[in-house]
Each structure stands twice: as C-alpha cells, then as structure tokens.
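Participant: Structure in structure tokens, see below.
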There are 2 protein chains.
Amino acid sequence: MDAKVNLADALATFDEPFQPRIVGTMNDYKLMVAKTKGEFVWHTHPDTDDFFFVVKGTLTIQLRERDVVLGPGELFVVPRGVEHCPRSDDGAEILLIEPQGTVNTGDADTGELTAPERRL
Amino acid sequence: MDAKVNLADALATFDEPFQPRIVGTMNDYKLMVAKTKGEFVWHTHPDTDDFFFVVKGTLTIQLRERDVVLGPGELFVVPRGVEHCPRSDDGAEILLIEPQGTVNTGDADTGELTAPERRL
C-alpha cells in the first residue's frame, strides 16, 4: 500500500450494494469498503472471524440468537463459525477486513450474491 | 468478541497518549484504540504490516522519505520493515490493528514508550 485511503472517497466511487471493493492489504488480509442495502444472505465463515466497521448509516448483523446494530464509528467481529446475515434497511457504508481468499457469502449456497475479489 | 465496540466511547475511557487499549480480536490480531499526542519513536516491525485508522484529529505517519497525513476516516498501512514514526502535534484518536504479540515500539531501543498489551 503506497497511499492512504479515505473511506468516504473510496465509497463514493460505486453504488452497488454487497459488492466489496478492495482498497488495501495488511499482511494476508484484504481491506474492503462496501455498501449494504437490504438483506444479504445467512452464511458462515468456518475458518475466519469477520470484521465489520460502519462508516455511515446503520448495519444490523443478524445472528441466530440476537441482532447487533452498528452505527457510524462502531465495529463488531463475527466469530468464525457463527451464522450471520447482515441487513441494512436504509443503507450503510462499511469497512470489512477478512483474509484474502475469503468468499463474501461464506458457505451459503448462492451464486447470485457471491462477489469476485475486486480492487477499487 | 461478544459485544460491539463504539470507538468514541472506548477512547473516552482514558487519556494517556501512546498507550493502546485492546478492544477486541480478529483471529490472531488485536484491535486497539489509542490516543496520540506529540511524537512517538522511529521504529520498524520487521515481521508485520501496521494498520492505522484515524477516528478524530490528525495523525502524521512520518516515513523516512515522506509524510502520510491522516484525518478522520482515513487509513494507512505501513508495510513491514518500513521505518516510521507517528506524530500528532494537536492529538489524535486512532484504531490500530496488529498481530497479537506485536510490540508497539517494534525494534526501537526504548523502554519508556514500550506499552504492555492491555485490554480496555
């Protein structure tokens, strides 16, 4: 990474929800920005924790037994193996951190929402 | 990690600069909040990249050949092995991510600024 990343500027370059853009790396992890709108899909990452940080708006991380509601400046890490489904009725802008190679839909049997690893 | 973390709330619980507090983990990484004020120390992490995100204020990551100036909502990753010295004349509040066990002063020969790994 040669340059700093302004998250708001990076998020202003695209509109599609649930299509993360890689903005940098840290060791073997990818740093991504994404927009969310509506409900994603229930899924699990068996081999990694999953880092969410909200830049703008409200993101609800639905877990099977409770909801974690995140506003701007708030972060949550979904532990590996824990089923979750992000939802954002009014839209949110977020920073995601996951190991490179992690698929956004985890173990879910869906082709439609599965996004490629794409740099901004 | 069972609970979400509000970075501003976490940062409001202490004042000492350059004394990071661990607020969560992601796999074998520690998520830390810290305040910065003044100049830290020139150091290198030979084995890991170093993630900085500014919540409030301005943080300058001095590199030997240039400065990277970060404001709120901006992040930068210092590549492993690259000498750097954070500086913040007017103070800043930041999120740091490093592998657990990483020493804040890296390879620098200083006892005074070396902080213990401490949970909030």
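Residue numbers start at 1 in each chain; chains themselves are named A, B, ... in the order of the structure tokens; ligands are numbered from 1 in the order shown.
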Pick out the residues sitting within 7 Å of Thr36 (chain B), and hand them over as a list in words; count only C-alpha atoms, and ignore anything fewer than 6 positions along from it in its own chain.

Facilitator: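 My list of contacting residues is Pro17, Phe18, Ser88, Gly91, Ala92 and Glu93 of chain B.
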
Participant: Please provide the set of residues having any atom within 12 Å of Pro79 (chain A), restricted to only C-alpha atoms, with same-chain residues fewer than 5 positions apart removed, written as a ChimeraX atom specification.

Facilitator: /A:44-52,63,84,98 /B:1-3,24-28

Participant: For the selection you just gave me, I'd like the residues written to a file as a short mmCIF file (atom, residue, chain, number, x, y, z; two decimals), in the first residue's frame, keeping N, CA and C atoms.

Facilitator:
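Done, and the output landed in out02.cif:
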data_model
loop_
_atom_site.label_atom_id
_atom_site.label_comp_id
_atom_site.auth_asym_id
_atom_site.auth_seq_id
_atom_site.Cartn_x
_atom_site.Cartn_y
_atom_site.Cartn_z
N THR A 44 -21.88 -18.55 6.97
CA THR A 44 -20.87 -18.78 7.99
C THR A 44 -19.50 -18.80 7.32
N HIS A 45 -18.51 -18.26 8.02
CA HIS A 45 -17.12 -18.46 7.59
C HIS A 45 -16.49 -19.43 8.58
N PRO A 46 -16.33 -20.69 8.19
CA PRO A 46 -15.86 -21.69 9.16
C PRO A 46 -14.43 -21.44 9.63
N ASP A 47 -13.63 -20.74 8.82
CA ASP A 47 -12.20 -20.66 9.10
C ASP A 47 -11.71 -19.28 9.50
N THR A 48 -12.60 -18.31 9.59
CA THR A 48 -12.11 -16.97 9.94
C THR A 48 -13.17 -16.13 10.63
N ASP A 49 -12.71 -15.26 11.53
CA ASP A 49 -13.55 -14.21 12.06
C ASP A 49 -13.81 -13.20 10.94
N ASP A 50 -14.79 -12.32 11.17
CA ASP A 50 -15.26 -11.43 10.11
C ASP A 50 -15.45 -10.03 10.71
N PHE A 51 -14.65 -9.08 10.27
CA PHE A 51 -14.60 -7.73 10.85
C PHE A 51 -15.51 -6.76 10.10
N PHE A 52 -16.41 -6.11 10.83
CA PHE A 52 -17.29 -5.08 10.27
C PHE A 52 -17.10 -3.77 11.02
N LEU A 63 -27.64 -12.26 14.07
CA LEU A 63 -27.14 -13.57 14.50
C LEU A 63 -28.38 -14.41 14.81
N HIS A 84 -24.44 -15.72 10.36
CA HIS A 84 -24.86 -14.32 10.43
C HIS A 84 -25.44 -13.88 9.10
N GLU A 98 -11.00 -9.15 6.04
CA GLU A 98 -11.03 -10.62 6.00
C GLU A 98 -9.74 -11.12 5.37
N MET B 1 -15.28 -12.08 20.78
CA MET B 1 -15.89 -10.76 20.96
C MET B 1 -17.40 -10.90 21.04
N ASP B 2 -17.96 -10.57 22.16
CA ASP B 2 -19.40 -10.73 22.30
C ASP B 2 -20.15 -9.44 21.98
N ALA B 3 -19.52 -8.32 22.21
CA ALA B 3 -20.23 -7.05 22.08
C ALA B 3 -19.61 -6.18 21.00
N GLY B 24 -10.74 -5.67 21.12
CA GLY B 24 -11.28 -6.86 20.51
C GLY B 24 -10.20 -7.61 19.77
N THR B 25 -10.58 -8.75 19.23
CA THR B 25 -9.64 -9.54 18.45
C THR B 25 -10.30 -10.00 17.16
N MET B 26 -9.50 -10.28 16.17
CA MET B 26 -9.96 -10.88 14.92
C MET B 26 -8.92 -11.94 14.57
N ASN B 27 -9.29 -13.19 14.66
CA ASN B 27 -8.31 -14.28 14.50
C ASN B 27 -7.14 -14.01 15.46
N ASP B 28 -5.92 -14.00 14.97
CA ASP B 28 -4.79 -13.77 15.87
C ASP B 28 -4.31 -12.31 15.86
#

Participant: What residues in chain A have any atom no more than 6 Å from chain B when counting only C-alpha atoms, and can you write them as a compact mmCIF listing (two decimals) with C-alpha atoms, in the first residue's frame?

Facilitator:
# COMPACT_ATOMS: atom_id res chain seq x y z
CA LYS A 4 -3.59 6.41 2.32
CA VAL A 5 -7.26 5.54 1.82
CA ASN A 6 -10.06 7.97 2.52
CA LEU A 7 -13.01 5.69 3.16
CA MET A 26 -2.45 -5.84 5.63
CA ASN A 27 -0.27 -8.95 5.60
CA ASP A 49 -13.55 -14.21 12.06
CA GLY A 73 -17.87 4.54 14.40
CA GLU A 74 -18.90 1.11 15.69
CA LEU A 75 -17.29 -2.25 14.95
CA PHE A 76 -18.13 -5.88 15.52

Participant: Report, in Å to a single decimal, how far apart CA of Gln100 (chain B) and CA of Leu120 (chain B) are.

Facilitator: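 Between CA of Leu120 (chain B) and CA of Gln100 (chain B) the gap is 15.0 Å.
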
Participant: Go through B:Thr110, B:Ala34, B:Tyr29, B:Pro116 one by one, measure the shortest atom-to-atom distance of each to Thr13 (chain B) using only C-alpha atoms, and give the residue with the smallest value.

Facilitator: B:Ala34

Participant: Expressed in Å to a single decimal, how great is the separation between CA of Arg87 (chain A) and CA of Met32 (chain B)?

Facilitator: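 Atom-to-atom, CA of Arg87 (chain A) to CA of Met32 (chain B), that is 26.2 Å.
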
Participant: When you look at Val41 (chain A) with a cut-off of 10 Å (counting only C-alpha atoms), what residues show up, excluding the ones that are within fewer than 4 positions of it in the same chain? I need them as a VMD selection string.

Facilitator: chain A and resid 83 to 87 104 to 106 108 to 110 113 to 114

Participant: Go ahead and save the residues from that selection, with C-alpha atoms, as a tab-separated table (two decimals), in the first residue's frame.

Facilitator:
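This is the output file result-v4.tsv:
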chain	number	residue	atom	x	y	z
A	83	GLU	CA	-24.00	-17.91	11.29
A	84	HIS	CA	-24.86	-14.32	10.43
A	85	CYS	CA	-26.83	-12.24	7.96
A	86	PRO	CA	-26.10	-8.52	7.50
A	87	ARG	CA	-29.15	-6.35	6.93
A	104	ASN	CA	-18.27	-12.90	0.88
A	105	THR	CA	-21.10	-15.43	1.05
A	106	GLY	CA	-19.06	-17.94	3.05
A	108	ALA	CA	-24.00	-20.19	1.64
A	109	ASP	CA	-25.29	-21.98	-1.42
A	110	THR	CA	-25.82	-18.92	-3.57
A	113	LEU	CA	-24.69	-12.70	-4.16
A	114	THR	CA	-21.20	-14.11	-4.38

Participant: May I have all residues of chain A that DSSP, computed from the backbone, assigns to strand (DSSP E or B), given as a ChimeraX atom specification?

Facilitator: /A:5-6,17,21-26,29-39,43,50-57,59-63,67-70,74-78,84-99,119

Participant: Mind pulling up the distance from CA of Leu59 (chain B) to CA of Leu31 (chain B)?

Facilitator: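 So the two atoms, CA of Leu31 (chain B) and CA of Leu59 (chain B), lie 18.0 Å apart.
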
Participant: Tell me, which residues of chain B carry DSSP helix (DSSP H, G or I), written as a list in words?

Facilitator: Leu7, Ala8, Asp9, Ala10 and Leu11 of chain B

Participant: Write out, as a PDB file, in the first residue's frame, the residues just selected, with C-alpha atoms.

Facilitator:
ATOM      1  CA  LEU B   7     -14.689   3.612  19.177  1.00  0.00           C
ATOM      2  CA  ALA B   8     -15.527   7.049  20.590  1.00  0.00           C
ATOM      3  CA  ASP B   9     -16.878   5.518  23.802  1.00  0.00           C
ATOM      4  CA  ALA B  10     -13.796   3.316  24.154  1.00  0.00           C
ATOM      5  CA  LEU B  11     -11.482   6.262  23.566  1.00  0.00           C
TER       6      LEU B  11
END
